[in-house]
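Data block for work-v3.cif (mmCIF, C-alpha atoms and all ligand atoms):
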```cif
data_input
loop_
_atom_site.group_PDB
_atom_site.id
_atom_site.type_symbol
_atom_site.label_atom_id
_atom_site.label_comp_id
_atom_site.auth_asym_id
_atom_site.auth_seq_id
_atom_site.Cartn_x
_atom_site.Cartn_y
_atom_site.Cartn_z
ATOM 1 C CA MET A 250 24.780 -7.017 1.705
ATOM 2 C CA HIS A 251 21.888 -6.485 4.123
ATOM 3 C CA SER A 252 20.039 -9.702 3.266
ATOM 4 C CA ALA A 253 19.932 -10.673 6.967
ATOM 5 C CA LEU A 254 17.799 -7.608 7.623
ATOM 6 C CA ASN A 255 14.515 -9.231 6.734
ATOM 7 C CA VAL A 256 12.483 -11.478 9.010
ATOM 8 C CA LYS A 257 9.684 -13.776 8.022
ATOM 9 C CA MET A 258 6.355 -12.112 8.753
ATOM 10 C CA ILE A 259 2.727 -12.603 7.886
ATOM 11 C CA LYS A 260 2.039 -11.035 4.498
ATOM 12 C CA LEU A 261 -0.423 -8.229 3.943
ATOM 13 C CA ILE A 262 -2.472 -8.066 0.746
ATOM 14 C CA VAL A 263 -4.356 -4.818 0.187
ATOM 15 C CA ALA A 264 -6.926 -4.045 -2.506
ATOM 16 C CA ASN A 265 -6.896 -0.480 -3.792
ATOM 17 C CA TRP A 266 -10.160 -0.112 -5.681
ATOM 18 C CA LYS A 267 -9.203 3.445 -6.713
ATOM 19 C CA MET A 268 -12.115 5.470 -8.188
ATOM 20 C CA ASN A 269 -14.215 2.441 -9.077
ATOM 21 C CA LYS A 270 -17.498 0.856 -7.957
ATOM 22 C CA THR A 271 -20.794 2.276 -6.740
ATOM 23 C CA VAL A 272 -22.013 1.412 -3.251
ATOM 24 C CA GLU A 273 -23.963 -1.553 -4.583
ATOM 25 C CA GLU A 274 -21.023 -2.860 -6.625
ATOM 26 C CA SER A 275 -18.632 -2.389 -3.700
ATOM 27 C CA CYS A 276 -20.873 -4.344 -1.343
ATOM 28 C CA LEU A 277 -21.248 -7.117 -3.884
ATOM 29 C CA LEU A 278 -17.482 -7.391 -4.303
ATOM 30 C CA ALA A 279 -16.929 -7.281 -0.526
ATOM 31 C CA ASN A 280 -19.501 -10.016 -0.061
ATOM 32 C CA GLU A 281 -17.854 -12.228 -2.706
ATOM 33 C CA LEU A 282 -14.450 -11.710 -1.088
ATOM 34 C CA LYS A 283 -15.815 -12.487 2.343
ATOM 35 C CA ASN A 284 -17.027 -15.858 1.085
ATOM 36 C CA LEU A 285 -13.980 -16.687 -1.033
ATOM 37 C CA LEU A 286 -11.503 -15.787 1.699
ATOM 38 C CA LYS A 287 -13.290 -16.864 4.857
ATOM 39 C CA ASN A 288 -10.927 -19.754 5.540
ATOM 40 C CA GLU A 289 -7.705 -17.878 4.861
ATOM 41 C CA LYS A 290 -5.363 -17.790 7.818
ATOM 42 C CA ASN A 291 -1.793 -16.575 8.198
ATOM 43 C CA VAL A 292 -2.308 -13.702 5.820
ATOM 44 C CA ASP A 293 -3.627 -10.195 6.523
ATOM 45 C CA ILE A 294 -6.189 -8.902 4.034
ATOM 46 C CA ALA A 295 -7.590 -5.386 3.571
ATOM 47 C CA VAL A 296 -9.734 -3.561 1.015
ATOM 48 C CA CYS A 297 -9.682 0.180 0.322
ATOM 49 C CA PRO A 298 -12.935 1.280 -1.352
ATOM 50 C CA ALA A 299 -13.819 4.825 -2.400
ATOM 51 C CA PHE A 300 -14.948 7.094 0.477
ATOM 52 C CA THR A 301 -18.586 6.709 -0.532
ATOM 53 C CA SER A 302 -18.434 2.945 -0.047
ATOM 54 C CA LEU A 303 -16.465 2.821 3.214
ATOM 55 C CA HIS A 304 -19.441 2.705 5.552
ATOM 56 C CA PRO A 305 -21.525 0.099 3.688
ATOM 57 C CA VAL A 306 -18.460 -2.076 3.027
ATOM 58 C CA SER A 307 -17.509 -1.788 6.693
ATOM 59 C CA LYS A 308 -20.940 -3.196 7.599
ATOM 60 C CA GLU A 309 -20.649 -5.918 4.950
ATOM 61 C CA LEU A 310 -17.246 -7.035 6.286
ATOM 62 C CA LYS A 311 -18.168 -6.967 9.966
ATOM 63 C CA GLY A 312 -16.979 -10.141 11.694
ATOM 64 C CA SER A 313 -14.919 -11.242 8.671
ATOM 65 C CA ASN A 314 -11.141 -11.601 8.331
ATOM 66 C CA ILE A 315 -10.979 -8.692 5.855
ATOM 67 C CA LYS A 316 -9.938 -5.302 7.165
ATOM 68 C CA LEU A 317 -10.847 -1.886 5.877
ATOM 69 C CA GLY A 318 -8.698 0.981 4.616
ATOM 70 C CA ALA A 319 -9.219 4.394 3.027
ATOM 71 C CA GLN A 320 -7.375 5.638 -0.059
ATOM 72 C CA ASN A 321 -6.533 9.093 1.281
ATOM 73 C CA MET A 322 -7.297 11.555 4.083
ATOM 74 C CA HIS A 323 -6.627 15.116 5.219
ATOM 75 C CA PHE A 324 -4.155 15.751 8.017
ATOM 76 C CA GLU A 325 -6.526 17.764 10.234
ATOM 77 C CA ASN A 326 -9.333 16.150 12.216
ATOM 78 C CA SER A 327 -11.924 18.839 11.450
ATOM 79 C CA GLY A 328 -12.260 22.344 10.082
ATOM 80 C CA ALA A 329 -12.919 24.447 7.027
ATOM 81 C CA TYR A 330 -11.502 22.083 4.383
ATOM 82 C CA THR A 331 -14.309 21.731 1.861
ATOM 83 C CA GLY A 332 -14.402 18.357 0.185
ATOM 84 C CA GLU A 333 -11.891 16.692 2.496
ATOM 85 C CA VAL A 334 -12.228 13.691 4.820
ATOM 86 C CA SER A 335 -10.394 13.516 8.150
ATOM 87 C CA PRO A 336 -8.446 10.795 9.998
ATOM 88 C CA SER A 337 -11.012 10.632 12.800
ATOM 89 C CA MET A 338 -13.843 10.281 10.258
ATOM 90 C CA ILE A 339 -12.299 7.258 8.549
ATOM 91 C CA LYS A 340 -11.325 5.754 11.900
ATOM 92 C CA ASP A 341 -14.951 6.168 12.984
ATOM 93 C CA LEU A 342 -16.032 4.061 9.977
ATOM 94 C CA GLY A 343 -13.827 1.188 11.063
ATOM 95 C CA CYS A 344 -10.752 1.836 8.926
ATOM 96 C CA GLU A 345 -7.560 0.283 10.197
ATOM 97 C CA PHE A 346 -5.429 1.329 7.221
ATOM 98 C CA VAL A 347 -5.078 4.420 5.054
ATOM 99 C CA ILE A 348 -3.102 4.736 1.823
ATOM 100 C CA ILE A 349 -0.929 7.846 1.910
ATOM 101 C CA GLY A 350 1.019 9.450 -0.935
ATOM 102 C CA HIS A 351 -0.098 7.228 -3.791
ATOM 103 C CA SER A 352 1.666 8.240 -7.020
ATOM 104 C CA GLU A 353 -1.714 9.047 -8.585
ATOM 105 C CA ARG A 354 -2.291 11.606 -5.831
ATOM 106 C CA ARG A 355 1.230 12.956 -6.196
ATOM 107 C CA GLU A 356 0.762 13.291 -9.978
ATOM 108 C CA SER A 357 -2.838 14.456 -10.281
ATOM 109 C CA PHE A 358 -3.331 16.355 -7.014
ATOM 110 C CA ASN A 359 0.158 17.789 -6.506
ATOM 111 C CA GLU A 360 0.768 15.983 -3.237
ATOM 112 C CA ASP A 361 4.388 16.434 -2.237
ATOM 113 C CA ASP A 362 6.562 14.772 0.386
ATOM 114 C CA SER A 363 5.986 17.484 2.977
ATOM 115 C CA LEU A 364 2.178 17.155 2.731
ATOM 116 C CA ILE A 365 2.554 13.361 2.842
ATOM 117 C CA ASN A 366 4.702 13.744 5.956
ATOM 118 C CA LYS A 367 1.885 15.689 7.680
ATOM 119 C CA LYS A 368 -0.668 13.066 6.650
ATOM 120 C CA LEU A 369 1.528 10.228 7.912
ATOM 121 C CA ALA A 370 1.985 11.891 11.288
ATOM 122 C CA ALA A 371 -1.776 12.519 11.529
ATOM 123 C CA ALA A 372 -2.616 8.916 10.621
ATOM 124 C CA LEU A 373 -0.273 7.534 13.269
ATOM 125 C CA ARG A 374 -1.543 10.037 15.869
ATOM 126 C CA ASN A 375 -5.087 8.825 15.192
ATOM 127 C CA GLY A 376 -4.254 5.143 15.572
ATOM 128 C CA LEU A 377 -4.450 4.374 11.849
ATOM 129 C CA LYS A 378 -1.907 2.232 9.983
ATOM 130 C CA PRO A 379 -0.652 4.296 7.053
ATOM 131 C CA ILE A 380 0.465 2.592 3.851
ATOM 132 C CA LEU A 381 3.101 4.984 2.530
ATOM 133 C CA CYS A 382 3.561 4.715 -1.241
ATOM 134 C CA ILE A 383 6.935 5.492 -2.777
ATOM 135 C CA GLY A 384 8.485 4.701 -6.152
ATOM 136 C CA GLU A 385 10.318 6.031 -9.151
ATOM 137 C CA ASN A 386 9.004 6.875 -12.615
ATOM 138 C CA TRP A 387 10.392 5.396 -15.834
ATOM 139 C CA GLU A 388 12.693 8.290 -16.647
ATOM 140 C CA GLN A 389 14.207 8.172 -13.172
ATOM 141 C CA ARG A 390 14.742 4.442 -13.545
ATOM 142 C CA LEU A 391 16.459 4.888 -16.908
ATOM 143 C CA ASN A 392 18.708 7.526 -15.339
ATOM 144 C CA GLU A 393 19.590 5.066 -12.569
ATOM 145 C CA GLU A 394 18.076 7.357 -9.959
ATOM 146 C CA THR A 395 15.796 4.764 -8.362
ATOM 147 C CA GLU A 396 17.709 4.471 -5.089
ATOM 148 C CA ASP A 397 18.187 8.241 -4.774
ATOM 149 C CA ILE A 398 14.447 8.793 -5.275
ATOM 150 C CA LEU A 399 13.451 6.102 -2.773
ATOM 151 C CA GLU A 400 15.868 7.415 -0.160
ATOM 152 C CA TYR A 401 14.774 11.021 -0.698
ATOM 153 C CA GLN A 402 11.082 10.132 -0.419
ATOM 154 C CA LEU A 403 11.639 8.096 2.746
ATOM 155 C CA LEU A 404 13.728 10.780 4.447
ATOM 156 C CA LYS A 405 11.233 13.542 3.628
ATOM 157 C CA CYS A 406 8.050 11.579 4.321
ATOM 158 C CA LEU A 407 9.316 10.146 7.625
ATOM 159 C CA SER A 408 10.914 13.354 8.863
ATOM 160 C CA GLY A 409 10.183 13.834 12.590
ATOM 161 C CA ILE A 410 8.230 10.582 12.856
ATOM 162 C CA GLU A 411 9.571 8.741 15.863
ATOM 163 C CA SER A 412 7.797 5.406 15.780
ATOM 164 C CA ILE A 413 6.968 3.466 12.634
ATOM 165 C CA LYS A 414 5.598 0.404 14.405
ATOM 166 C CA ASP A 415 2.255 0.790 12.583
ATOM 167 C CA LEU A 416 3.658 1.905 9.241
ATOM 168 C CA VAL A 417 3.476 -0.134 6.044
ATOM 169 C CA ILE A 418 5.630 0.919 3.097
ATOM 170 C CA ALA A 419 4.405 0.197 -0.423
ATOM 171 C CA TYR A 420 7.034 0.158 -3.171
ATOM 172 C CA GLU A 421 5.093 1.087 -6.281
ATOM 173 C CA PRO A 422 7.314 1.716 -9.304
ATOM 174 C CA ILE A 423 5.152 4.175 -11.242
ATOM 175 C CA TRP A 424 6.046 2.601 -14.611
ATOM 176 C CA ALA A 425 4.634 -0.760 -13.505
ATOM 177 C CA ILE A 426 1.208 0.539 -12.426
ATOM 178 C CA SER A 427 -1.425 -0.806 -14.814
ATOM 179 C CA LYS A 428 -3.697 2.271 -15.030
ATOM 180 C CA GLY A 429 -6.348 -0.297 -15.901
ATOM 181 C CA ASN A 430 -4.286 -2.036 -18.604
ATOM 182 C CA PRO A 431 -4.261 -5.745 -17.699
ATOM 183 C CA ASN A 432 -1.297 -6.350 -20.057
ATOM 184 C CA GLN A 433 1.005 -3.930 -18.257
ATOM 185 C CA LYS A 434 4.138 -5.679 -16.989
ATOM 186 C CA ALA A 435 5.058 -5.746 -13.305
ATOM 187 C CA ALA A 436 8.612 -5.218 -12.082
ATOM 188 C CA THR A 437 10.631 -8.425 -12.226
ATOM 189 C CA LYS A 438 10.999 -10.220 -8.927
ATOM 190 C CA ALA A 439 14.723 -9.410 -8.925
ATOM 191 C CA ASP A 440 14.182 -5.673 -9.535
ATOM 192 C CA ALA A 441 11.402 -5.473 -6.944
ATOM 193 C CA GLU A 442 13.454 -7.394 -4.360
ATOM 194 C CA GLU A 443 16.438 -5.103 -4.938
ATOM 195 C CA SER A 444 14.326 -2.013 -4.218
ATOM 196 C CA HIS A 445 12.651 -3.582 -1.183
ATOM 197 C CA LEU A 446 16.029 -4.516 0.271
ATOM 198 C CA PHE A 447 17.275 -0.996 -0.377
ATOM 199 C CA ILE A 448 14.197 0.485 1.363
ATOM 200 C CA ARG A 449 14.860 -1.723 4.389
ATOM 201 C CA LYS A 450 18.464 -0.560 4.406
ATOM 202 C CA VAL A 451 17.373 3.097 4.403
ATOM 203 C CA ILE A 452 14.925 2.395 7.242
ATOM 204 C CA SER A 453 17.718 0.753 9.250
ATOM 205 C CA GLY A 454 19.721 3.951 8.786
ATOM 206 C CA ILE A 455 16.902 6.178 10.082
ATOM 207 C CA TYR A 456 15.625 3.861 12.842
ATOM 208 C CA GLU A 457 16.991 0.825 14.681
ATOM 209 C CA GLU A 458 17.924 -2.297 12.761
ATOM 210 C CA GLU A 459 15.177 -4.165 14.646
ATOM 211 C CA THR A 460 12.610 -1.653 13.306
ATOM 212 C CA ALA A 461 13.887 -2.179 9.769
ATOM 213 C CA LYS A 462 13.604 -5.945 10.160
ATOM 214 C CA ASN A 463 9.988 -5.688 11.208
ATOM 215 C CA VAL A 464 8.605 -3.020 8.874
ATOM 216 C CA ARG A 465 6.296 -4.437 6.244
ATOM 217 C CA ILE A 466 7.298 -3.506 2.699
ATOM 218 C CA ILE A 467 4.643 -4.478 0.174
ATOM 219 C CA TYR A 468 4.821 -4.355 -3.621
ATOM 220 C CA GLY A 469 2.371 -2.644 -5.991
ATOM 221 C CA GLY A 470 2.325 -2.406 -9.785
ATOM 222 C CA SER A 471 0.480 -4.901 -12.017
ATOM 223 C CA LEU A 472 0.417 -7.571 -9.330
ATOM 224 C CA LYS A 473 -1.903 -10.284 -10.650
ATOM 225 C CA PRO A 474 -2.603 -14.000 -10.194
ATOM 226 C CA GLU A 475 -0.027 -14.848 -12.893
ATOM 227 C CA ASN A 476 2.906 -13.172 -11.158
ATOM 228 C CA ALA A 477 1.832 -13.095 -7.497
ATOM 229 C CA LYS A 478 3.559 -16.288 -6.390
ATOM 230 C CA GLU A 479 6.990 -15.328 -7.705
ATOM 231 C CA LEU A 480 6.909 -11.740 -6.458
ATOM 232 C CA LEU A 481 5.442 -12.593 -3.058
ATOM 233 C CA SER A 482 7.977 -15.351 -2.442
ATOM 234 C CA MET A 483 10.900 -12.900 -2.407
ATOM 235 C CA PRO A 484 12.418 -12.483 1.065
ATOM 236 C CA ASN A 485 11.895 -8.720 1.352
ATOM 237 C CA ILE A 486 8.457 -8.556 -0.250
ATOM 238 C CA ASN A 487 5.973 -8.728 2.624
ATOM 239 C CA GLY A 488 2.763 -8.420 0.681
ATOM 240 C CA GLY A 489 1.066 -6.549 -2.117
ATOM 241 C CA LEU A 490 -0.989 -3.474 -2.956
ATOM 242 C CA VAL A 491 -3.276 -4.478 -5.794
ATOM 243 C CA GLY A 492 -5.142 -2.146 -8.140
ATOM 244 C CA ASN A 493 -6.738 -3.529 -11.286
ATOM 245 C CA ALA A 494 -6.685 -7.206 -10.291
ATOM 246 C CA SER A 495 -8.460 -6.369 -7.021
ATOM 247 C CA LEU A 496 -11.621 -5.268 -8.852
ATOM 248 C CA ASN A 497 -12.463 -8.893 -9.519
ATOM 249 C CA ALA A 498 -13.117 -11.136 -6.509
ATOM 250 C CA LYS A 499 -11.597 -14.283 -7.991
ATOM 251 C CA SER A 500 -8.359 -12.692 -9.114
ATOM 252 C CA PHE A 501 -7.863 -10.853 -5.817
ATOM 253 C CA ALA A 502 -8.595 -14.060 -3.892
ATOM 254 C CA GLU A 503 -5.971 -15.889 -5.985
ATOM 255 C CA ILE A 504 -3.383 -13.266 -5.105
ATOM 256 C CA VAL A 505 -4.238 -13.605 -1.412
ATOM 257 C CA LYS A 506 -3.871 -17.373 -1.670
ATOM 258 C CA ALA A 507 -0.491 -16.973 -3.382
ATOM 259 C CA ALA A 508 0.770 -14.987 -0.411
ATOM 260 C CA LYS A 509 1.294 -17.887 1.959
HETATM 261 P P1 LIG B 601 -2.306 -1.905 -10.519
HETATM 262 O O1 LIG B 601 -2.325 -3.181 -9.715
HETATM 263 O O2 LIG B 601 -3.556 -1.673 -11.310
HETATM 264 O O3 LIG B 601 -1.051 -1.790 -11.320
HETATM 265 O O4 LIG B 601 -2.271 -0.705 -9.466
HETATM 266 C C1 LIG B 601 -1.271 -0.683 -8.517
HETATM 267 C C2 LIG B 601 -1.585 0.410 -7.583
HETATM 268 O O5 LIG B 601 -1.482 1.568 -7.941
HETATM 269 C C3 LIG B 601 -2.077 0.030 -6.248
HETATM 270 O O6 LIG B 601 -2.100 1.121 -5.394
#
```

Spell out the structure here as structure tokens.
Amino acid sequence: MHSALNVKMIKLIVANWKMNKTVEESCLLANELKNLLKNEKNVDIAVCPAFTSLHPVSKELKGSNIKLGAQNMHFENSGAYTGEVSPSMIKDLGCEFVIIGHSERRESFNEDDSLINKKLAAALRNGLKPILCIGENWEQRLNEETEDILEYQLLKCLSGIESIKDLVIAYEPIWAISKGNPNQKAATKADAEESHLFIRKVISGIYEEETAKNVRIIYGGSLKPENAKELLSMPNINGGLVGNASLNAKSFAEIVKAAK
């Protein structure tokens, strides 16, 4: 089928620290990563700390090969939105990436595809690289609805978005996300590859085939040193979005090293 759609590209490994780490702990982890990964070439690396740690981590990582991302943002640049953080604010702190539509935000904060669509458009407008998270839950997988869900999410989230040059898509099957449990199983490399290929096929239907070939599709869900090599060697898996295993410098560094 569409196996010729993928091209070889530099992989992107992103740490999603979720709601973990104080400022001091974040800076310590960033410093350890900076040292462990300073010689890594041919791989793109980013960390996404909590909002409170973005500025100090940005300073800590200055001049390093590790980029910065935020875990969320509002779609307006300013205004009466108590408790929210805007695209221009995170850009100002040195963020290159922003995670949009993570399943934990969809589940716990009622984010739906139309809100995610607004956030994606705002991120792109502000020169940020959004990492759009999509994925099915266990029940949907059992009902063989995975492809329908992925296609629906992509169509809704990308509605009206003309250029996806700066977009990263993260396939995160919800059932594979560790929620802090290090024994949680990841998707198999065959299942993950099948979904990634399907996502690329959907993108080639919405945009040009060339766009589909070049869009980065990264995998998230219990990615760890033990399974990184096999998942990241699949032709349509262009990197990883790492939760639990990114909270430890050594294990995240091992995943980065497995990406080449
Ligand atoms: P885990 O790596 O802990 O499964 O988390 C994945 C994830 O949700 C990254 O955004």

Selection dump of the PyMOL selection byres (((chain A and resi 261) around 7) and not hetatm), as a list in words: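 This file, filtered by the PyMOL selection byres (((chain A and resi 261) around 7) and not hetatm), leaves Ile259, Lys260, Ile262, Val263, Val292, Asp293, Ile294, Asn487, Gly488 and Gly489 of chain A.
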
Chain and number of each residue from the PyMOL selection byres (((not hetatm)) within 7 of (chain B and resi 601)), as a ChimeraX atom specification: /A:265,351,421,425-429,469-472,490-494

For Lys267 (chain A): contacts at 8 Å, all atoms listed in the file, fewer than 2 positions along chain excluded, given as a count of residues only: 7

Quick check on the file I pasted: which residues fall under the PyMOL selection byres (((chain A and resi 366) around 7) and not hetatm)? Write them as an mmCIF file with C-alpha atoms, keeping the file's coordinate frame.
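In the end it all went to selection23.cif:
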```cif
data_model
loop_
_atom_site.group_PDB
_atom_site.id
_atom_site.type_symbol
_atom_site.label_atom_id
_atom_site.label_comp_id
_atom_site.auth_asym_id
_atom_site.auth_seq_id
_atom_site.Cartn_x
_atom_site.Cartn_y
_atom_site.Cartn_z
ATOM 1 C CA ASP A 362 6.562 14.772 0.386
ATOM 2 C CA SER A 363 5.986 17.484 2.977
ATOM 3 C CA LEU A 364 2.178 17.155 2.731
ATOM 4 C CA ILE A 365 2.554 13.361 2.842
ATOM 5 C CA LYS A 367 1.885 15.689 7.680
ATOM 6 C CA LYS A 368 -0.668 13.066 6.650
ATOM 7 C CA LEU A 369 1.528 10.228 7.912
ATOM 8 C CA ALA A 370 1.985 11.891 11.288
ATOM 9 C CA LYS A 405 11.233 13.542 3.628
ATOM 10 C CA CYS A 406 8.050 11.579 4.321
ATOM 11 C CA LEU A 407 9.316 10.146 7.625
ATOM 12 C CA SER A 408 10.914 13.354 8.863
#
```

Shell around Leu381 (chain A) at 7 Å using only C-alpha atoms, local window under 3 positions removed, as a PyMOL selection string: chain A and resi 348-350+417-419

Selected residue, from A:Leu286, A:Met268, A:Met338, A:Leu277, that lies nearest to Glu503 (chain A) when counting only C-alpha atoms: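 Of A:Leu286, A:Met268, A:Met338, A:Leu277, the one nearest Glu503 (chain A) is A:Leu286, counting only C-alpha atoms.
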
Length of the CA of Glu479 (chain A) to CA of Ser500 (chain A) vector [Å]: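 These atoms are spaced 15.6 Å apart.
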
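For the choices A:Ile380, A:Met322, A:Ile452, A:Val272, the atom-to-atom distance to Leu303 (chain A) is smallest for A:Val272 when using only C-alpha atoms.
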
Atom pair CA of Leu342 (chain A) / CA of Ser302 (chain A): separation (Å):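 Result for CA of Leu342 (chain A) versus CA of Ser302 (chain A): 10.4 Å, one decimal.
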
Sphere at (15.1, 8.4, -7.0), radius 10 Å, counting only C-alpha atoms: residues as an MDAnalysis selection string: chainID A and resid 383:386 388:390 392:402

Sel. within 12 Å of pt (-17.4, -16.0, 0.6), counting all atoms listed in the file, output as a ChimeraX atom specification: /A:277-289,309-310,313-315,498-499,502

Nearby residues (all atoms listed in the file) at most 10 Å from Val334 (chain A), same-chain spacing under 4 positions excluded, as a PyMOL selection string: chain A and resi 300+319+321-327+330+338-339

Find the axis-aligned box for region 434-446 of chain A, covering all its listed atoms and adding 5 Å on each side, and write its centre and edge lengths in Å to one decimal as lines of an AutoDock Vina configuration file.
```
center_x = 10.3
center_y = -6.1
center_z = -8.4
size_x = 22.3
size_y = 18.2
size_z = 27.3
```

Please complete region 320-344 of chain A with N, CA and C atoms and give it back as a tab-separated table (two decimals), keeping the file's coordinate frame.
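Heads up, here's the output in selection01.tsv:
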```tsv
chain	number	residue	atom	x	y	z
A	320	GLN	N	-8.38	5.39	0.98
A	320	GLN	CA	-7.38	5.64	-0.06
A	320	GLN	C	-6.63	6.95	0.14
A	321	ASN	N	-7.11	7.77	1.09
A	321	ASN	CA	-6.53	9.09	1.28
A	321	ASN	C	-7.18	9.69	2.53
A	322	MET	N	-6.65	10.78	3.01
A	322	MET	CA	-7.30	11.56	4.08
A	322	MET	C	-6.62	12.91	4.19
A	323	HIS	N	-7.25	13.83	4.90
A	323	HIS	CA	-6.63	15.12	5.22
A	323	HIS	C	-5.80	14.93	6.49
A	324	PHE	N	-4.95	15.92	6.80
A	324	PHE	CA	-4.16	15.75	8.02
A	324	PHE	C	-4.78	16.39	9.26
A	325	GLU	N	-5.84	17.19	9.07
A	325	GLU	CA	-6.53	17.76	10.23
A	325	GLU	C	-7.75	16.91	10.57
A	326	ASN	N	-8.18	16.96	11.83
A	326	ASN	CA	-9.33	16.15	12.22
A	326	ASN	C	-10.68	16.80	11.94
A	327	SER	N	-10.68	18.14	11.80
A	327	SER	CA	-11.92	18.84	11.45
A	327	SER	C	-11.56	20.25	11.02
A	328	GLY	N	-12.52	20.95	10.43
A	328	GLY	CA	-12.26	22.34	10.08
A	328	GLY	C	-12.78	22.71	8.71
A	329	ALA	N	-12.42	23.91	8.28
A	329	ALA	CA	-12.92	24.45	7.03
A	329	ALA	C	-12.07	23.95	5.86
A	330	TYR	N	-12.25	22.70	5.49
A	330	TYR	CA	-11.50	22.08	4.38
A	330	TYR	C	-12.51	21.41	3.46
A	331	THR	N	-13.22	22.22	2.71
A	331	THR	CA	-14.31	21.73	1.86
A	331	THR	C	-13.87	20.55	1.00
A	332	GLY	N	-14.65	19.51	1.06
A	332	GLY	CA	-14.40	18.36	0.18
A	332	GLY	C	-13.44	17.33	0.76
A	333	GLU	N	-12.89	17.60	1.94
A	333	GLU	CA	-11.89	16.69	2.50
A	333	GLU	C	-12.51	15.74	3.54
A	334	VAL	N	-11.78	14.69	3.85
A	334	VAL	CA	-12.23	13.69	4.82
A	334	VAL	C	-11.10	13.50	5.84
A	335	SER	N	-11.44	13.46	7.12
A	335	SER	CA	-10.39	13.52	8.15
A	335	SER	C	-10.02	12.14	8.70
A	336	PRO	N	-8.87	12.06	9.38
A	336	PRO	CA	-8.45	10.80	10.00
A	336	PRO	C	-9.49	10.26	10.98
A	337	SER	N	-10.04	11.14	11.81
A	337	SER	CA	-11.01	10.63	12.80
A	337	SER	C	-12.28	10.13	12.12
A	338	MET	N	-12.64	10.74	10.98
A	338	MET	CA	-13.84	10.28	10.26
A	338	MET	C	-13.65	8.87	9.70
A	339	ILE	N	-12.49	8.61	9.12
A	339	ILE	CA	-12.30	7.26	8.55
A	339	ILE	C	-12.11	6.22	9.66
A	340	LYS	N	-11.49	6.65	10.74
A	340	LYS	CA	-11.32	5.75	11.90
A	340	LYS	C	-12.71	5.37	12.44
A	341	ASP	N	-13.58	6.36	12.49
A	341	ASP	CA	-14.95	6.17	12.98
A	341	ASP	C	-15.71	5.13	12.15
A	342	LEU	N	-15.36	5.03	10.86
A	342	LEU	CA	-16.03	4.06	9.98
A	342	LEU	C	-15.44	2.66	10.07
A	343	GLY	N	-14.42	2.52	10.90
A	343	GLY	CA	-13.83	1.19	11.06
A	343	GLY	C	-12.57	0.95	10.25
A	344	CYS	N	-12.00	2.01	9.69
A	344	CYS	CA	-10.75	1.84	8.93
A	344	CYS	C	-9.59	1.55	9.87
```
